[in-house]
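Source file my_file.cif; content: mmCIF, C-alpha atoms.
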data_protein
#
loop_
_atom_site.label_atom_id
_atom_site.label_comp_id
_atom_site.auth_asym_id
_atom_site.auth_seq_id
_atom_site.Cartn_x
_atom_site.Cartn_y
_atom_site.Cartn_z
CA MET A 1 78.58 95.30 130.76
CA THR A 2 80.79 92.92 132.67
CA ALA A 3 83.39 94.07 135.16
CA SER A 4 86.59 95.44 133.64
CA LEU A 5 89.90 93.69 134.13
CA PHE A 6 92.88 95.88 134.94
CA ARG A 7 96.12 94.10 134.34
CA ARG A 8 99.32 95.13 136.03
CA GLY A 9 101.09 93.05 138.63
CA ALA A 10 102.45 96.11 140.40
CA LEU A 11 98.92 97.26 141.17
CA VAL A 12 98.67 94.71 143.93
CA ALA A 13 100.73 97.17 145.96
CA ALA A 14 97.58 99.21 146.38
CA ALA A 15 98.83 100.99 149.43
CA LEU A 16 101.45 102.74 147.33
CA VAL A 17 98.90 104.22 144.98
CA ALA A 18 95.78 104.67 147.08
CA ALA A 19 95.94 108.42 146.77
CA ALA A 20 96.25 108.24 143.04
CA VAL A 21 93.24 105.99 142.57
CA ALA A 22 90.99 108.01 144.80
CA GLY A 23 89.63 109.56 141.62
CA THR A 24 88.50 106.21 140.28
CA GLY A 25 85.55 106.12 142.61
CA GLY A 26 87.15 103.46 144.78
CA LEU A 27 87.02 100.81 142.04
CA ALA A 28 89.95 98.51 142.77
CA PRO A 29 91.65 96.91 139.79
CA ARG A 30 91.30 93.15 139.72
CA ALA A 31 94.75 91.58 139.81
CA THR A 32 95.42 89.29 136.84
CA PRO A 33 98.70 87.97 135.44
CA PRO A 34 100.33 91.01 133.84
CA GLU A 35 101.30 91.14 130.22
CA ALA A 36 104.98 91.97 130.06
CA PRO A 37 105.88 95.55 129.20
CA ALA A 38 107.82 96.25 126.05
CA SER A 39 111.57 95.86 126.34
CA GLY A 40 114.25 98.08 124.85
CA SER A 41 113.57 101.43 123.22
CA THR A 42 110.11 102.90 123.06
CA VAL A 43 108.28 103.99 119.92
CA ASP A 44 106.13 107.10 119.78
CA SER A 45 102.86 107.59 117.93
CA ALA A 46 104.60 108.30 114.64
CA GLY A 47 106.69 105.14 114.87
CA ALA A 48 110.00 106.82 115.74
CA GLU A 49 112.14 105.82 118.64
CA GLY A 50 111.83 108.05 121.64
CA GLY A 51 111.59 108.26 125.39
CA SER A 52 111.14 110.71 128.25
CA ASN A 53 111.65 111.23 131.93
CA HIS A 54 108.50 110.26 133.78
CA SER A 55 107.52 112.20 136.86
CA ALA A 56 105.55 109.35 138.47
CA PRO A 57 106.62 105.79 139.39
CA ALA A 58 105.28 103.02 137.19
CA PRO A 59 102.64 101.68 139.64
CA LEU A 60 101.22 105.15 140.15
CA ALA A 61 101.10 105.87 136.40
CA ALA A 62 99.50 102.49 135.68
CA ALA A 63 96.81 103.07 138.29
CA ARG A 64 95.97 106.52 136.98
CA LEU A 65 95.67 105.28 133.41
CA ALA A 66 93.57 102.33 134.56
CA GLY A 67 91.31 104.72 136.41
CA ILE A 68 90.69 106.74 133.26
CA VAL A 69 89.52 103.62 131.44
CA GLU A 70 87.39 102.45 134.37
CA ARG A 71 85.52 105.73 134.45
CA ALA A 72 85.08 105.68 130.69
CA LEU A 73 83.52 102.23 130.75
CA ALA A 74 80.89 103.53 133.19
CA ASP A 75 79.89 106.25 130.69
CA PRO A 76 76.13 106.04 130.08
CA ARG A 77 76.76 106.63 126.38
CA LEU A 78 78.06 103.06 126.24
CA MET A 79 74.99 101.60 127.92
CA GLY A 80 73.59 98.57 126.12
CA THR A 81 76.71 98.01 124.03
CA THR A 82 79.42 95.38 124.03
CA VAL A 83 82.90 96.82 124.51
CA GLY A 84 86.24 95.18 123.85
CA LEU A 85 89.27 97.15 124.95
CA SER A 86 93.02 96.78 125.45
CA VAL A 87 95.46 99.53 126.42
CA PHE A 88 99.21 98.89 126.48
CA VAL A 89 101.76 101.42 127.72
CA ASP A 90 105.46 101.04 127.05
CA GLY A 91 107.26 100.22 130.27
CA LEU A 92 104.02 99.42 132.09
CA GLY A 93 102.42 96.64 130.06
CA GLU A 94 98.70 96.21 129.48
CA VAL A 95 97.31 98.65 132.00
CA ALA A 96 93.64 98.15 131.15
CA ALA A 97 91.52 95.54 129.43
CA HIS A 98 87.80 94.89 129.15
CA GLN A 99 86.56 91.76 127.39
CA PRO A 100 89.85 91.99 125.47
CA ASP A 101 89.63 88.56 123.83
CA LEU A 102 86.01 88.77 122.75
CA PRO A 103 85.76 88.60 118.93
CA LEU A 104 83.90 91.66 117.69
CA ASN A 105 83.15 93.18 114.31
CA PRO A 106 85.99 95.64 113.74
CA ALA A 107 84.34 97.80 111.06
CA SER A 108 87.03 99.72 109.17
CA ASN A 109 89.72 98.69 111.62
CA GLN A 110 89.87 95.71 109.23
CA LYS A 111 91.81 98.03 106.91
CA LEU A 112 94.69 97.82 109.39
CA TYR A 113 95.00 94.12 108.56
CA THR A 114 94.93 94.88 104.84
CA ALA A 115 97.51 97.64 105.18
CA MET A 116 99.89 95.56 107.29
CA ALA A 117 99.75 92.65 104.85
CA ALA A 118 100.22 94.89 101.81
CA LEU A 119 103.22 96.64 103.35
CA ALA A 120 104.67 93.29 104.42
CA VAL A 121 104.47 91.42 101.10
CA VAL A 122 104.21 93.94 98.25
CA ASP A 123 107.18 95.99 97.09
CA PRO A 124 106.71 99.53 98.50
CA GLY A 125 107.52 100.97 95.08
CA PHE A 126 104.94 98.83 93.27
CA THR A 127 102.51 100.78 91.10
CA PHE A 128 99.20 99.70 89.58
CA ALA A 129 99.35 99.96 85.78
CA THR A 130 96.43 100.54 83.39
CA GLU A 131 97.48 99.88 79.82
CA VAL A 132 96.11 100.37 76.31
CA ARG A 133 97.33 97.55 74.09
CA SER A 134 96.89 96.21 70.59
CA ASN A 135 98.40 93.72 68.17
CA GLY A 136 97.22 95.69 65.15
CA ALA A 137 99.38 97.71 62.78
CA ILE A 138 99.20 101.48 62.65
CA GLN A 139 99.21 103.06 59.18
CA ASP A 140 98.53 106.72 58.42
CA GLY A 141 96.87 107.24 61.81
CA VAL A 142 94.65 104.16 61.53
CA LEU A 143 95.01 101.26 63.95
CA HIS A 144 94.03 98.13 62.06
CA GLY A 145 92.78 95.88 64.85
CA ASP A 146 91.28 95.98 68.31
CA LEU A 147 92.13 98.42 71.08
CA VAL A 148 92.33 96.86 74.55
CA LEU A 149 91.95 98.74 77.83
CA ALA A 150 93.66 96.43 80.33
CA GLY A 151 92.89 97.07 83.98
CA GLY A 152 95.64 96.56 86.51
CA GLY A 153 93.60 96.87 89.68
CA ASP A 154 94.29 100.58 90.14
CA PRO A 155 91.79 101.95 92.72
CA THR A 156 92.79 105.55 91.95
CA LEU A 157 92.08 105.70 88.19
CA ARG A 158 89.63 108.45 87.27
CA ALA A 159 87.54 109.25 84.22
CA HIS A 160 88.66 112.90 83.98
CA GLY A 161 91.44 115.12 85.22
CA ARG A 162 94.71 113.96 86.70
CA HIS A 163 95.53 110.25 86.42
CA SER A 164 92.59 109.46 84.18
CA LEU A 165 91.21 107.86 81.07
CA ASP A 166 91.62 111.30 79.48
CA ASP A 167 95.39 110.95 80.00
CA LEU A 168 95.40 107.60 78.19
CA ALA A 169 93.42 109.05 75.29
CA ALA A 170 95.81 112.00 75.09
CA ALA A 171 98.76 109.61 74.88
CA LEU A 172 97.14 107.79 71.95
CA GLN A 173 96.51 111.11 70.25
CA ARG A 174 100.17 112.04 70.64
CA ALA A 175 101.04 108.68 69.06
CA GLY A 176 99.17 109.81 65.97
CA ILE A 177 96.17 107.45 66.22
CA ARG A 178 92.95 108.89 64.81
CA ARG A 179 90.86 105.83 64.06
CA VAL A 180 90.55 102.20 65.21
CA THR A 181 89.05 99.65 62.84
CA GLY A 182 88.38 96.97 65.43
CA ALA A 183 86.57 96.67 68.75
CA LEU A 184 87.18 98.40 72.07
CA ILE A 185 87.92 95.60 74.53
CA GLY A 186 87.90 95.81 78.33
CA ASP A 187 90.27 93.38 80.05
CA GLU A 188 89.73 92.81 83.79
CA GLY A 189 91.50 89.46 83.86
CA ARG A 190 94.12 90.35 86.48
CA TYR A 191 91.47 89.65 89.15
CA ASP A 192 88.39 87.48 89.34
CA THR A 193 84.91 88.79 88.61
CA GLN A 194 83.45 88.40 92.10
CA ARG A 195 81.93 91.84 92.63
CA ARG A 196 81.53 91.62 96.39
CA ALA A 197 82.85 89.82 99.45
CA SER A 198 80.95 87.53 101.80
CA GLY A 199 79.05 89.18 104.61
CA TRP A 200 78.14 92.33 102.65
CA PHE A 201 74.63 93.69 102.46
CA SER A 202 73.20 94.39 99.01
CA TRP A 203 73.07 98.14 99.65
CA HIS A 204 76.80 98.26 100.32
CA VAL A 205 77.40 98.13 96.54
CA PRO A 206 77.92 100.73 95.17
CA ARG A 207 76.91 103.06 98.00
CA LEU A 208 79.95 102.21 100.16
CA VAL A 209 82.15 100.20 97.79
CA GLY A 210 82.20 99.82 94.03
CA PRO A 211 81.54 96.50 92.30
CA LEU A 212 84.99 94.91 92.37
CA SER A 213 86.99 94.70 89.15
CA ALA A 214 90.58 94.99 88.00
CA LEU A 215 89.23 97.68 85.64
CA THR A 216 87.97 100.30 88.06
CA VAL A 217 87.19 103.93 87.24
CA ASP A 218 86.16 106.50 89.83
CA ARG A 219 86.09 103.66 92.37
CA ASN A 220 83.24 102.12 90.32
CA GLN A 221 80.79 104.16 92.36
CA TYR A 222 79.47 106.58 89.74
CA ARG A 223 76.41 104.48 88.85
CA THR A 224 73.92 102.56 90.95
CA ASP A 225 71.86 100.55 88.46
CA PRO A 226 71.78 96.74 88.69
CA ALA A 227 73.54 96.23 85.34
CA PHE A 228 76.52 98.30 86.46
CA VAL A 229 76.68 96.58 89.85
CA ALA A 230 76.71 93.20 88.09
CA ASP A 231 79.43 94.23 85.61
CA PRO A 232 81.05 97.69 85.55
CA VAL A 233 83.33 96.98 82.57
CA PRO A 234 80.87 97.98 79.78
CA ALA A 235 80.21 101.33 81.45
CA ASN A 236 83.93 101.94 81.98
CA LEU A 237 84.54 101.19 78.31
CA ARG A 238 81.93 103.79 77.37
CA LEU A 239 83.80 106.32 79.47
CA PHE A 240 87.01 105.47 77.62
CA ARG A 241 85.30 105.64 74.22
CA ALA A 242 84.05 109.11 75.12
CA ALA A 243 87.57 110.15 76.22
CA LEU A 244 88.92 108.91 72.87
CA ALA A 245 86.25 110.81 70.96
CA ARG A 246 87.16 114.04 72.73
CA ARG A 247 90.67 113.55 71.36
CA GLY A 248 89.35 112.92 67.85
CA ILE A 249 89.90 109.15 67.98
CA LEU A 250 87.00 107.08 66.61
CA VAL A 251 86.58 103.35 67.28
CA ALA A 252 84.58 101.52 64.62
CA GLY A 253 83.88 98.31 66.51
CA ALA A 254 81.71 97.51 69.51
CA ASP A 255 82.55 97.56 73.21
CA ILE A 256 83.23 94.04 74.47
CA SER A 257 84.82 92.32 77.45
CA GLY A 258 87.81 90.15 76.68
CA ARG A 259 91.51 89.53 77.21
CA VAL A 260 94.71 90.96 75.77
CA ASN A 261 96.00 88.82 72.92
CA PRO A 262 99.46 87.28 73.33
CA GLY A 263 102.08 89.33 71.58
CA SER A 264 100.18 92.61 71.82
CA ARG A 265 102.16 95.75 72.45
CA THR A 266 101.55 98.64 74.83
CA LEU A 267 100.46 101.85 73.10
CA ALA A 268 99.84 103.89 76.25
CA SER A 269 99.94 103.32 79.99
CA ILE A 270 99.30 105.11 83.24
CA ARG A 271 100.62 104.16 86.65
CA SER A 272 99.32 104.87 90.12
CA GLU A 273 101.36 106.40 92.88
CA PRO A 274 103.53 103.86 94.75
CA LEU A 275 101.94 101.27 96.99
CA THR A 276 102.83 103.19 100.12
CA SER A 277 100.80 106.18 98.90
CA VAL A 278 97.85 103.98 97.96
CA VAL A 279 97.90 102.38 101.41
CA ALA A 280 98.10 105.80 103.07
CA GLY A 281 95.11 107.05 101.09
CA MET A 282 93.16 103.91 101.93
CA LEU A 283 93.79 104.35 105.67
CA THR A 284 93.40 108.12 105.82
CA ARG A 285 90.13 108.27 103.89
CA SER A 286 88.97 104.77 104.87
CA ASP A 287 88.60 103.91 101.18
CA ASN A 288 86.65 100.67 100.91
CA THR A 289 87.26 100.06 97.21
CA ALA A 290 91.02 100.55 97.59
CA ALA A 291 91.07 98.09 100.51
CA GLU A 292 89.29 95.40 98.51
CA LEU A 293 91.50 95.79 95.44
CA LEU A 294 94.61 95.71 97.63
CA VAL A 295 93.51 92.34 99.00
CA LYS A 296 93.03 90.98 95.49
CA GLU A 297 96.45 92.32 94.48
CA ILE A 298 98.04 90.58 97.46
CA GLY A 299 96.43 87.34 96.28
CA PHE A 300 97.65 87.92 92.72
CA GLN A 301 101.24 88.64 93.71
CA VAL A 302 101.68 86.05 96.46
CA ARG A 303 99.45 83.17 95.38
CA GLY A 304 98.99 83.80 91.67
CA ARG A 305 95.25 84.45 91.86
CA GLY A 306 93.65 87.87 92.22
CA THR A 307 90.81 86.85 94.50
CA THR A 308 89.64 88.00 97.90
CA ALA A 309 90.00 84.50 99.35
CA GLU A 310 93.59 84.07 98.14
CA GLY A 311 94.49 87.58 99.24
CA LEU A 312 93.24 86.96 102.74
CA ARG A 313 95.10 83.64 102.96
CA ALA A 314 98.28 85.41 101.88
CA ALA A 315 97.64 88.16 104.44
CA ASP A 316 97.22 85.59 107.20
CA ASP A 317 100.48 83.94 106.20
CA ALA A 318 102.33 87.25 106.08
CA LEU A 319 101.12 88.46 109.46
CA ALA A 320 101.88 85.12 111.10
CA GLY A 321 105.43 86.41 111.12
CA LEU A 322 104.49 89.00 113.71
CA ALA A 323 104.17 86.18 116.26
CA VAL A 324 100.87 87.54 117.54
CA PRO A 325 98.33 84.91 118.67
CA ARG A 326 95.51 85.30 116.17
CA ARG A 327 92.06 83.89 116.64
CA GLY A 328 90.13 86.40 114.54
CA ARG A 329 88.90 85.92 111.01
CA SER A 330 88.76 88.07 107.90
CA ALA A 331 86.11 87.97 105.19
CA ASP A 332 87.08 91.11 103.28
CA GLY A 333 89.64 93.88 103.20
CA SER A 334 87.52 96.87 104.17
CA GLY A 335 85.54 95.84 107.25
CA LEU A 336 82.11 96.04 105.64
CA SER A 337 81.58 92.32 106.12
CA ARG A 338 79.72 91.23 109.21
CA ALA A 339 81.79 88.04 109.03
CA ASP A 340 84.94 89.92 110.08
CA LEU A 341 85.68 89.16 113.72
CA ARG A 342 88.73 90.04 115.82
CA SER A 343 89.31 91.02 119.44
CA ALA A 344 90.58 94.33 120.77
CA ARG A 345 93.63 92.66 122.31
CA GLU A 346 94.51 91.06 119.00
CA TRP A 347 94.30 94.43 117.23
CA ARG A 348 96.42 96.05 119.92
CA ARG A 349 99.03 93.31 119.73
CA LEU A 350 99.18 93.57 115.93
CA LEU A 351 99.73 97.32 116.15
CA GLN A 352 102.31 96.82 118.86
CA ALA A 353 104.20 94.18 116.85
CA ALA A 354 104.05 96.33 113.72
CA ARG A 355 106.25 98.96 115.35
CA ALA A 356 109.24 96.60 115.17
CA GLN A 357 108.79 95.91 111.45
CA PRO A 358 110.66 97.75 108.69
CA TRP A 359 107.30 99.05 107.48
CA GLY A 360 105.97 99.96 110.92
CA GLY A 361 106.85 103.62 110.63
CA ARG A 362 105.06 103.86 107.29
CA LEU A 363 101.96 102.25 108.77
CA ALA A 364 101.82 104.67 111.69
CA ALA A 365 102.47 107.72 109.51
CA SER A 366 99.68 106.61 107.14
CA LEU A 367 97.02 106.64 109.86
CA PRO A 368 94.73 109.66 110.25
CA LEU A 369 96.13 112.30 112.60
CA ALA A 370 93.72 113.53 115.26
CA GLY A 371 92.30 116.95 114.50
CA ARG A 372 94.34 117.23 111.33
CA SER A 373 93.66 114.65 108.62
CA GLY A 374 91.32 112.09 107.14
CA THR A 375 88.58 110.50 109.20
CA LEU A 376 90.04 112.08 112.37
CA GLY A 377 90.26 115.55 110.86
CA SER A 378 87.31 116.92 112.81
CA ARG A 379 87.79 114.86 115.98
CA PHE A 380 89.86 115.56 119.11
CA ARG A 381 90.35 119.23 118.33
CA GLY A 382 91.42 121.20 121.36
CA THR A 383 92.43 118.07 123.30
CA ALA A 384 95.78 116.54 124.18
CA ALA A 385 95.18 114.00 121.40
CA GLU A 386 95.16 116.62 118.65
CA GLY A 387 98.28 116.33 116.51
CA ASN A 388 99.36 113.39 118.67
CA LEU A 389 96.99 110.45 118.19
CA ARG A 390 97.30 108.40 115.01
CA ALA A 391 94.54 105.82 114.74
CA LYS A 392 92.20 103.97 112.42
CA THR A 393 88.54 104.72 112.83
CA GLY A 394 85.70 102.27 112.30
CA TRP A 395 82.02 102.93 111.67
CA ILE A 396 79.23 100.56 110.66
CA LEU A 397 75.57 100.79 111.57
CA GLU A 398 75.98 98.65 114.67
CA GLY A 399 79.60 99.25 115.56
CA ARG A 400 82.35 101.78 116.22
CA ALA A 401 86.08 101.28 116.61
CA LEU A 402 89.30 103.16 117.19
CA SER A 403 92.78 101.60 117.32
CA GLY A 404 96.18 103.18 117.16
CA TYR A 405 99.01 105.04 118.83
CA LEU A 406 99.38 108.08 121.08
CA THR A 407 101.83 109.53 123.59
CA THR A 408 100.56 110.71 126.96
CA ALA A 409 101.34 114.19 128.22
CA GLY A 410 103.76 112.46 130.56
CA GLY A 411 105.68 111.07 127.58
CA ARG A 412 104.49 107.46 127.71
CA PRO A 413 103.82 105.75 124.33
CA VAL A 414 100.44 103.99 124.23
CA VAL A 415 99.08 101.35 121.86
CA PHE A 416 95.36 100.71 122.20
CA SER A 417 92.25 99.29 120.60
CA VAL A 418 88.63 99.81 121.51
CA ILE A 419 85.81 98.06 119.63
CA VAL A 420 82.16 98.73 120.42
CA ASN A 421 79.36 96.60 118.97
CA GLY A 422 75.62 96.78 119.48
CA THR A 423 75.26 100.48 118.70
CA HIS A 424 72.78 102.23 116.45
CA PRO A 425 73.45 105.05 113.96
CA GLN A 426 72.40 107.85 116.33
CA ALA A 427 74.19 106.48 119.39
CA PRO A 428 76.74 108.91 120.90
CA VAL A 429 79.31 106.15 121.24
CA VAL A 430 82.04 108.02 119.36
CA GLY A 431 81.95 110.79 121.94
CA ALA A 432 82.49 108.30 124.75
CA ILE A 433 85.43 106.69 122.96
CA ASP A 434 86.99 110.05 122.14
CA ASP A 435 86.67 111.35 125.68
CA MET A 436 88.47 108.30 127.03
CA VAL A 437 91.29 108.49 124.48
CA ALA A 438 91.69 112.24 125.00
CA ALA A 439 91.93 111.66 128.75
CA LEU A 440 94.65 109.05 128.24
CA ALA A 441 96.55 111.51 126.06
CA ALA A 442 96.26 114.21 128.73
CA GLU A 443 97.60 112.04 131.58
CA ARG A 444 100.85 113.53 132.89
CA SER A 445 102.07 110.82 135.27
#

In structure tokens, what does this structure look like?
Amino acid sequence: MTASLFRRGALVAAALVAAAVAGTGGLAPRATPPEAPASGSTVDSAGAEGGSNHSAPAPLAAARLAGIVERALADPRLMGTTVGLSVFVDGLGEVAAHQPDLPLNPASNQKLYTAMAALAVVDPGFTFATEVRSNGAIQDGVLHGDLVLAGGGDPTLRAHGRHSLDDLAAALQRAGIRRVTGALIGDEGRYDTQRRASGWFSWHVPRLVGPLSALTVDRNQYRTDPAFVADPVPANLRLFRAALARRGILVAGADISGRVNPGSRTLASIRSEPLTSVVAGMLTRSDNTAAELLVKEIGFQVRGRGTTAEGLRAADDALAGLAVPRRGRSADGSGLSRADLRSAREWRRLLQAARAQPWGGRLAASLPLAGRSGTLGSRFRGTAAEGNLRAKTGWILEGRALSGYLTTAGGRPVVFSVIVNGTHPQAPVVGAIDDMVAALAAERS
């Protein structure tokens, strides 16, 4: 591991803070041109404006925070790994950095990029619609024609229970339909039929993400056979046929893939929760399928094509408005791809810039809360980070990540990113990351 860089111009006045850095083992920060601290009001971990009276002068506080990171980077649990790190504190600037511009695989921190782009370009009240349509006439309970199940990219549609195919079948029953003379058609035409993104391993689908389709049921992860992975629409149609049968609706024709005919009318529909709720669920649970469908929806709405490639181009264009220098690259929306590369400093700057956006508060509030929710629900309990830190986790076989917001015990808002590559599944890297972040949260200066 190369030597860490600690960035704060005021630290050159080492004589003023010598006592404070005694606990760093005598490791002197290397002076580099400081990144300017944030101006104006501060923003706390939940995205709201705030501030506090700090008991320590800025150089002292910066040195103490830098010392925490320096000690953490010497943790033997990080031995043999590659660490990228950037820590920014409001009013102090970037107090610590280690290989901050090195492109690393971000794992599920990639979902931050997807979330930011979705919140920036898609109407927050947008809902994914799944419709049942037909251009046939209904006479005495008989639909003379085909019945089309048209997927709208909804990653939350289920087979049973709330917000499900059962609900659609019930709506048709209430409309008086008992029999369909034609075929049952599955329409996934809102998006393309590419079932995976570049840089995925074969075992990712459907173990970690369903085969991608605008017609998705139970995240398309309820079967693992090759036929389903290649095309989930026939299986999803069988689920719908079974839901219809339970409501006493029989379909005479076969199950086929196709498109809605022009002039068809909607017989039943079901809509997801608003976009903001879908994004929150994606971030909190680290939902890979939701992330990938969100990228395709961004492409559909902004560039007219529901593909991963167009969605990522639209995301790049949208986030260019944050004025953050971006050298990383995206290959998917979830972070499963080993072709995703972005530096810790870039992630930190994106999170920092997001706070000034109209959607910045929503983004922060959608992140898992340490010790309380989602992928951080069992982490940081009993520490100063519990109920304070909001951050996106990342976990792949050879990498771990954590990026987000916290407020120190001394009332200083922090934006940070730490990406670790070169791990293995049993490596205790998460513990090392958590101990460092908890120590930052506990700092009172």

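Pairwise distance (CA of Arg178 (chain A), CA of Arg247 (chain A)) equals 8.4 Å.
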
Could you tell me, as a PyMOL selection string, exactly which residues end up selected when the PyMOL selection byres ((chain A and resi 333-346) around 7) is applied to this structure?
chain A and resi 84-86+100-111+114+198-200+288+291-292+295+326+328-332+347-350+417-419

Picked residues, the PyMOL selection byres ((chain A and resi 287) around 12), expected as a PyMOL selection string
chain A and resi 108-112+114-115+155-156+208-210+218-219+221+278-286+288-294+333-336+374-375+392-394

Fewer than 6 positions away in the same chain doesn't count, so skip those; otherwise give me all residues within 9 Å of Ile249 (chain A), counting only C-alpha atoms, as a list in words.
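In the requested form, the answer reads Ala169, Leu172, Gln173, Ile177, Arg178, Arg179, Val180, Arg241 and Ala243 of chain A.
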
Return the single residue from A:Ala120, A:Val87, A:Ile298, A:Ala356 that is closest to Arg190 (chain A), with distances computed using all atoms listed in the file.
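Distance minimum relative to Arg190 (chain A) lands on A:Ile298.
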
Residue among A:Leu351, A:Asp123, A:Asn421, A:Ala442 lying closest to Phe380 (chain A), counting only C-alpha atoms
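Among the listed residues, A:Ala442 lies closest to Phe380 (chain A).
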
A:Ala171, A:Ala197, A:Val89, A:Ala268 ranked by distance to Gly311 (chain A), top pick (using only C-alpha atoms):
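Counting only C-alpha atoms, the residue closest to Gly311 (chain A) is A:Ala197.
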
Quick one: everything within 12 Å of Gly371 (chain A), counting all atoms listed in the file, minus sequence neighbours fewer than 4 positions away in the same chain. Send it as a PyMOL selection string.
chain A and resi 375-391+434+438
